[in-house]
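Notes follow the structure.
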Amino acid sequence: MKVSYNWLKDYVSFDQSPEQVAEILTLTGLEVEEIHKVGSDLTGVVVGRVTACDQHPNADRLKLCRVDVGEAEPLQIVCGAPNVDVDQKVLVATIGTELPVSLPDGSPLVIRKSKIRGEVSLGMICAEDELGLGDDHAGIMVLNPEAEVGASASSVVNTNIDFIFEIGLTPNRPDASCHLGVARDLAAVLNKHLKKPFKTLSNPDNAVTDHPDISITIADTDKCHRYVGILVTDVKVGPSPDWLSSRLKSIGLRPINNIVDATNYVLHELGQPLHAFDYNLVSEKKIEVKAFDKERSFITLDEVERKVPAGSLFICDGTKPVAIAGIMGGLNSEINDDTKNVLIESAYFEPVGIRKTSKLLNLQTDSSYRFERGIDPNITYAAAHRCATIIRDIAGGKIQAKYVDVHPVKTEPRKVTLRLKRLNKLLGTSFMINQAVSVLRALEFEVKKSSSDEMICTVPTFRPDVTDEIDLIEEVARIYDYNKIPNPDYIHIPRPEVLPFREQFLTRLREVARSLDFREIYANSLLHENTATAFAQDTDLIKTLNPISKDTAVLRPSLIPGLLKAAGYNFNRGAKSVRFFEIGNTFKKGNPGTWHNGIIEETWMMLGLGGLRREEFWFHKEEPYTIFDLRSAVEVLLGSIHLNKNIVTKKISDHELGLYYENKFIGSIAEVEKKTRDYFDVSAPLFVATLCVSDMLELAKNLPPMVYKPVPKFPGIDFDLALQVSSNIDAGDLEQTIRSVAGSRLTSISTFDVFEGKSLGSGQKSIAFRLKFIDEMKTLTIKDVDSIITKVVRKLSDSYGAKLRS
């Protein structure tokens with residue numbers, strides 16, 4: 001949000017520099033992210049008198065002028081302005097001057113000695129737009145004849161120098177979405193008087209609900225709590241005066257005309273969005289605030305036809321919609337050059353409805369920005385009357401004394417009790433009650449002391465964020481200045497509570513994944529429906545009721561789309577490899593639900609890698625990642641949480657291996673299919689493991705406590721076992737059987753060779769396992785191991801038809 005330094009001075013008298021003001025505002029919670037200087041002091045631009053003005057000898061449309069700028073000799077300047085003449089007082093940019101305008105390439109315009117059509121030019125006689133003082137380029141600026149030759153430009157014209165604060169406004173501070181709100185905080189810190197641009201919030205003597213010239217009704221009172229209409233007649237539409245247009249330009253707004261500019265000015269002054277209708281274009285002199293139960297086509301002021309969804313609130317006249325409430329007016333009732341009578345709208349629209357319509361239309365305006373956050377429901381009349389007064393002053397016309405105020409839903413100020421003892425205890429201060437009262441009253445809280453330690457505060461309606469005692473304490477602290485709060489003699493640092501087992505478990509998973517050189521990603525939990533259906537059945541998807549866009553219409557059924565998007569983004573920007581992991585929730589339909597009936601929400605962990613494990617170098621070739629690189633990482637991860645010993649892999653498909661813990665499915669390791677990679681624009685092979693953290697968490701809880709085991713005193717023995725089996729038998733099944741038969745002396749097993757060839761016969765393969773045996777009580781011999789191997793081979797032969805290879 002943009003706030004003008006000069007504009008703030010209309011409401012608070014201060015002499016702090018822009019940098020000091022920025023620091024004050026930031027300390028109050030209105031963080032100033034940047035300060036921009038606008039305008040120029042026009043250094044190098046001086047007052048000159050045209051002493052001669054002759055036709056350029058080589059150009060019909062140029063003049064050869066001599067201009068006295070107070071130096072020894074007049075300057076020769078070539079000028080193309082049609083209105084330049086002898087004895088005029090003009091503004092001259094001398095050699096070396098940098099003007100506040102840019103060339104087509106974006107560089108600043110710097111005045112240099114030049115030759116124009118063969119004649120030397122030693123400066124430039126300036127037009128208004130070339131000095132950043134306006135938009136007029138019809139001719140040069142002609143000054144008052146009394147202007148002193150040689151005087152600086154800043155002494156004779158308003159250079160409009162200002163400083164613009166870019167404030168990162170948090171959603172809980174709608175009161176600060178305007179200059180008056182920011183000035184209120186500034187005045188409170190500086191202990192200055194706040195000068196408001198209005199005298200009263202209401203004028204009940206002139207408020208009516210039945211007006212002879214305009215009828216206003218609210219059909220949907222749950223969406224519109226108040227609507228004020230003021231008529232200004234016999235106006236003259238035209239350009240805004242300089243003070244108004246320069247104010248709007250300073251905060252990045254384009255002046256349109258005096259009527260519309262007045263509404264925009266008040267919006268940024270008071271935070272109340274307004275709209276001006278051409279009263280003569282309002283059919284039947286009737287305004288009705290209502291929603292339609294069907295989609296409506298409507299052409300807004302930006303000349304775009306929009307499909308407005310059912311349920312959206314409209315402002316309608318007697319025959320048609322004339323504005324989308326709280327967002328943008330319609331082209332059919334806009335202010336134009338022929339407008340004579342103006343109806344000013346000032347209303348309070350319920351924030352949720354405005355936010356919903358704005359998101360569905362993908363249209364955010366200055367008005368919707370404020371309505372979405374919640375404006376002051378009690379400033380409605382004051383803002384409308386302020387706007388009407390400005391219009392009267394700059395466009396003529398007459399404000400009708402009676403105005404319409406339809407107010408079906410009234411907002412009463414909230415009362416909150418503040419205890420001084422509680423305030424001082426939390427802040428570590430020793431405030432007296434009058435100090436706290438003074439701060440709160442500076443912020444326009446009504447404060448009544450109920451005892452020596454307690455005060456009852458009436459919260460102004462422009463502060464919907466203040467609901468509890470702690471909020472009042474924060475108000476006192478931020479205005480008093482956190483830096484002034486004394487440090488205690490000692491700081492008691494409480495011992496942090498032990499994290500719940502779930503948090504410790506997730507932290508362990510993250511630490512191990514990072515140690516394996518995986519980088520954590522955070523992907524959006526909302527997907528496009530077409531993307532989601534690639535990873536789950538349509539009947540299992542959880543669809544959102546009011547998606548912001550089609551790309552965020554479905555809750556993710558899997559973490560894999562996030563990996564694919566991140567991998568595609570990195571590969572397409574030159575990355576040679578990716579190693580990502582994510583821990584997050586997935587969603588699918590099912591009963592009973594996890595938290596809500598019909599919705600199963602589970603926590604999963606995803607690890608993915610792809611691309612090159614090792615890039616080409618002079619002494620080795622490039623090596624791509626394989627699924628075994630990922631499998632080894634998964635084994636380390638499961639080992640870190642002590643779930644690796646009972647894990648068995650089973651083939652699910654040609655591209656996927658299932659991971660089972662005592663016959664319970666806990667995840668899988670797979671190669672992403674090419675058609676899926678192509679959908680996400682991923683060219684390199686990609687491998688992904690998904691682990692159900694919810695299930696692993698329950699398994700880990702039930703594991704017996706880990707007991708320290710000393711390093712074995714006796715050496716182990718390795719035994720290589722080569723088996724010939726049918727080609728359709730998985731190594732994982734053989735491994736599981738070996739573990740179950742070999743007993744506790746078998747400490748590890750790994751597959752080190754797989755062979756298929758003519759020597760084995762058709763449909764046969766050889767799988768070689770390396771088994772490691774250790775006995776904690778003695779040194780094993782080959783005889784001890786042979787008896788175990790005999791049992792293993794017999795079992796494998798009976799179960800799988802395996803044959804021992806010599």
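Chain labels A, B, ... are given in the sequence in which chains occur in the structure tokens; within each chain residues are numbered consecutively from 1, and ligands are likewise numbered from 1 in the order shown.
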
| query | Counting only C-alpha atoms, what is within 12 Å of A:Lys37, bar same-chain residues fewer than 6 positions away, as a ChimeraX atom specification? | reply | /A:3-6,18-19,100,160-166,250-251

Given the selection you just returned, output its residues as a file containing N, CA and C atoms, formatted as an mmCIF file, in the first residue's frame.
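The result, written out as out31.cif:
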```cif
data_model
loop_
_atom_site.group_PDB
_atom_site.id
_atom_site.type_symbol
_atom_site.label_atom_id
_atom_site.label_comp_id
_atom_site.auth_asym_id
_atom_site.auth_seq_id
_atom_site.Cartn_x
_atom_site.Cartn_y
_atom_site.Cartn_z
ATOM 1 N N VAL A 3 1.600 5.224 0.658
ATOM 2 C CA VAL A 3 1.209 6.337 1.533
ATOM 3 C C VAL A 3 2.155 7.498 1.272
ATOM 4 N N SER A 4 1.580 8.694 1.115
ATOM 5 C CA SER A 4 2.357 9.892 0.795
ATOM 6 C C SER A 4 2.796 10.617 2.067
ATOM 7 N N TYR A 5 4.077 10.941 2.125
ATOM 8 C CA TYR A 5 4.649 11.703 3.240
ATOM 9 C C TYR A 5 3.982 13.071 3.361
ATOM 10 N N ASN A 6 3.844 13.773 2.218
ATOM 11 C CA ASN A 6 3.218 15.103 2.258
ATOM 12 C C ASN A 6 1.752 15.021 2.659
ATOM 13 N N PRO A 18 11.500 11.755 6.192
ATOM 14 C CA PRO A 18 10.841 10.538 5.709
ATOM 15 C C PRO A 18 11.428 9.267 6.321
ATOM 16 N N GLU A 19 12.733 9.229 6.484
ATOM 17 C CA GLU A 19 13.374 8.043 7.065
ATOM 18 C C GLU A 19 12.950 7.853 8.520
ATOM 19 N N PRO A 100 13.448 15.045 -14.871
ATOM 20 C CA PRO A 100 12.705 13.915 -14.280
ATOM 21 C C PRO A 100 11.823 13.191 -15.291
ATOM 22 N N ASN A 160 6.528 19.639 -6.491
ATOM 23 C CA ASN A 160 5.796 18.411 -6.120
ATOM 24 C C ASN A 160 6.702 17.298 -5.615
ATOM 25 N N ILE A 161 7.743 17.650 -4.881
ATOM 26 C CA ILE A 161 8.607 16.617 -4.302
ATOM 27 C C ILE A 161 7.865 15.934 -3.159
ATOM 28 N N ASP A 162 7.857 14.633 -3.194
ATOM 29 C CA ASP A 162 7.180 13.865 -2.156
ATOM 30 C C ASP A 162 7.951 12.564 -1.948
ATOM 31 N N PHE A 163 7.628 11.896 -0.851
ATOM 32 C CA PHE A 163 8.216 10.593 -0.553
ATOM 33 C C PHE A 163 7.073 9.610 -0.312
ATOM 34 N N ILE A 164 7.124 8.503 -1.007
ATOM 35 C CA ILE A 164 6.042 7.531 -0.944
ATOM 36 C C ILE A 164 6.513 6.314 -0.163
ATOM 37 N N PHE A 165 5.762 5.963 0.875
ATOM 38 C CA PHE A 165 6.062 4.789 1.683
ATOM 39 C C PHE A 165 5.313 3.586 1.115
ATOM 40 N N GLU A 166 6.030 2.521 0.862
ATOM 41 C CA GLU A 166 5.413 1.235 0.501
ATOM 42 C C GLU A 166 5.252 0.443 1.792
ATOM 43 N N SER A 250 0.916 10.810 -7.093
ATOM 44 C CA SER A 250 2.006 10.468 -6.178
ATOM 45 C C SER A 250 1.891 9.043 -5.653
ATOM 46 N N ILE A 251 0.656 8.526 -5.549
ATOM 47 C CA ILE A 251 0.475 7.155 -5.057
ATOM 48 C C ILE A 251 0.144 6.192 -6.205
#
```

I'd like the contact shell of A:Asp54 - 12 Å cut-off, only C-alpha atoms, skipping same-chain residues fewer than 6 positions apart - returned as a tab-separated table (two decimals) with C-alpha atoms, in the first residue's frame.
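New file result_29.tsv:
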```
chain	number	residue	atom	x	y	z
A	60	ASP	CA	10.50	25.66	-40.80
A	61	ARG	CA	9.18	24.51	-37.42
A	62	LEU	CA	12.15	25.44	-35.25
A	63	LYS	CA	13.12	28.78	-33.70
A	64	LEU	CA	16.59	30.06	-32.89
A	65	CYS	CA	16.31	31.78	-29.52
A	66	ARG	CA	18.69	33.73	-27.33
A	67	VAL	CA	17.86	33.44	-23.65
A	76	GLN	CA	21.56	30.18	-27.88
A	77	ILE	CA	18.81	27.55	-27.73
A	78	VAL	CA	16.94	25.83	-30.55
A	79	CYS	CA	13.25	25.52	-29.63
A	80	GLY	CA	10.34	23.86	-31.44
A	84	VAL	CA	7.83	30.72	-27.72
A	85	ASP	CA	8.25	34.51	-28.12
A	86	VAL	CA	10.42	37.47	-27.24
```

| field | Expected answer as a ChimeraX atom specification: helix (DSSP H, G or I) residues in stretch 20-156 of chain A | value | /A:20-27,129-131,153-155

N, CA and C atoms of the current selection, written as a PDB file, in the first residue's frame:
```
ATOM      1  N   GLN A  20      12.835   8.959   9.261  1.00  0.00           N
ATOM      2  CA  GLN A  20      12.408   8.856  10.656  1.00  0.00           C
ATOM      3  C   GLN A  20      10.947   8.421  10.762  1.00  0.00           C
ATOM      4  N   VAL A  21      10.114   8.950   9.875  1.00  0.00           N
ATOM      5  CA  VAL A  21       8.703   8.552   9.864  1.00  0.00           C
ATOM      6  C   VAL A  21       8.584   7.066   9.529  1.00  0.00           C
ATOM      7  N   ALA A  22       9.380   6.618   8.561  1.00  0.00           N
ATOM      8  CA  ALA A  22       9.346   5.197   8.178  1.00  0.00           C
ATOM      9  C   ALA A  22       9.714   4.308   9.354  1.00  0.00           C
ATOM     10  N   GLU A  23      10.713   4.722  10.127  1.00  0.00           N
ATOM     11  CA  GLU A  23      11.120   3.925  11.290  1.00  0.00           C
ATOM     12  C   GLU A  23      10.022   3.896  12.345  1.00  0.00           C
ATOM     13  N   ILE A  24       9.363   5.037  12.565  1.00  0.00           N
ATOM     14  CA  ILE A  24       8.272   5.097  13.544  1.00  0.00           C
ATOM     15  C   ILE A  24       7.135   4.169  13.127  1.00  0.00           C
ATOM     16  N   LEU A  25       6.750   4.260  11.871  1.00  0.00           N
ATOM     17  CA  LEU A  25       5.637   3.437  11.395  1.00  0.00           C
ATOM     18  C   LEU A  25       5.974   1.955  11.489  1.00  0.00           C
ATOM     19  N   THR A  26       7.204   1.595  11.132  1.00  0.00           N
ATOM     20  CA  THR A  26       7.601   0.192  11.195  1.00  0.00           C
ATOM     21  C   THR A  26       7.534  -0.330  12.623  1.00  0.00           C
ATOM     22  N   LEU A  27       7.960   0.478  13.584  1.00  0.00           N
ATOM     23  CA  LEU A  27       7.920   0.060  14.987  1.00  0.00           C
ATOM     24  C   LEU A  27       6.504  -0.073  15.509  1.00  0.00           C
ATOM     25  N   ASP A 129       5.405  18.999 -19.065  1.00  0.00           N
ATOM     26  CA  ASP A 129       5.624  17.553 -18.884  1.00  0.00           C
ATOM     27  C   ASP A 129       7.100  17.199 -18.823  1.00  0.00           C
ATOM     28  N   GLU A 130       7.951  18.014 -19.438  1.00  0.00           N
ATOM     29  CA  GLU A 130       9.385  17.731 -19.424  1.00  0.00           C
ATOM     30  C   GLU A 130      10.011  17.976 -18.059  1.00  0.00           C
ATOM     31  N   LEU A 131       9.298  18.728 -17.225  1.00  0.00           N
ATOM     32  CA  LEU A 131       9.767  19.007 -15.868  1.00  0.00           C
ATOM     33  C   LEU A 131       9.050  18.151 -14.829  1.00  0.00           C
ATOM     34  N   ALA A 153      14.291  27.073 -10.488  1.00  0.00           N
ATOM     35  CA  ALA A 153      12.915  26.702 -10.816  1.00  0.00           C
ATOM     36  C   ALA A 153      12.093  26.444  -9.562  1.00  0.00           C
ATOM     37  N   SER A 154      12.727  25.869  -8.531  1.00  0.00           N
ATOM     38  CA  SER A 154      11.988  25.536  -7.314  1.00  0.00           C
ATOM     39  C   SER A 154      11.476  26.764  -6.587  1.00  0.00           C
ATOM     40  N   SER A 155      12.028  27.953  -6.920  1.00  0.00           N
ATOM     41  CA  SER A 155      11.570  29.178  -6.250  1.00  0.00           C
ATOM     42  C   SER A 155      10.344  29.788  -6.920  1.00  0.00           C
TER      43      SER A 155
END
```

| said: Would you pick out the contacts of A:Arg510 at 12 Å or less, using only C-alpha atoms, so that residues sharing its chain but fewer than 3 positions from it are not included, and give the list as number ranges by chain? | reply: A: 503-507, 513-521, 580-584, 605-607, 637, 640-641, 693

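Residues of stretch 47-94 of chain A carrying a DSSP assignment of strand (DSSP E or B), computed from the backbone, are Val47, Gly48, Arg49, Val50, Thr51, Ala52, Cys53, Asp54, Gln55, Lys63, Leu64, Cys65, Arg66, Val67, Asp68, Leu75, Gln76, Ile77, Val78, Cys79, Lys89, Val90, Leu91, Val92, Ala93 and Thr94 of chain A.
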
Just-selected residues, C-alpha atoms written as a short mmCIF file (atom, residue, chain, number, x, y, z; two decimals), in the first residue's frame:
```cif
data_model
loop_
_atom_site.label_atom_id
_atom_site.label_comp_id
_atom_site.auth_asym_id
_atom_site.auth_seq_id
_atom_site.Cartn_x
_atom_site.Cartn_y
_atom_site.Cartn_z
CA VAL A 47 14.37 31.24 -14.97
CA GLY A 48 15.34 32.78 -18.31
CA ARG A 49 14.11 35.68 -20.47
CA VAL A 50 13.83 35.23 -24.23
CA THR A 51 15.73 38.17 -25.71
CA ALA A 52 15.52 37.09 -29.35
CA CYS A 53 13.40 34.60 -31.28
CA ASP A 54 14.27 34.12 -34.98
CA GLN A 55 13.33 31.52 -37.56
CA LYS A 63 13.12 28.78 -33.70
CA LEU A 64 16.59 30.06 -32.89
CA CYS A 65 16.31 31.78 -29.52
CA ARG A 66 18.69 33.73 -27.33
CA VAL A 67 17.86 33.44 -23.65
CA ASP A 68 19.22 35.49 -20.74
CA LEU A 75 22.39 31.19 -24.31
CA GLN A 76 21.56 30.18 -27.88
CA ILE A 77 18.81 27.55 -27.73
CA VAL A 78 16.94 25.83 -30.55
CA CYS A 79 13.25 25.52 -29.63
CA LYS A 89 9.97 34.42 -18.84
CA VAL A 90 10.61 30.71 -19.26
CA LEU A 91 12.24 27.75 -17.49
CA VAL A 92 15.57 26.75 -19.01
CA ALA A 93 17.35 23.44 -18.43
CA THR A 94 21.07 24.24 -18.63
#
```

| said: Quick one: residues within 10 Å of A:Val322, only C-alpha atoms, excluding same-chain residues fewer than 6 positions away - as a ChimeraX atom specification? | reply: /A:277,281-283,287-288,298-300,314-316,328-334
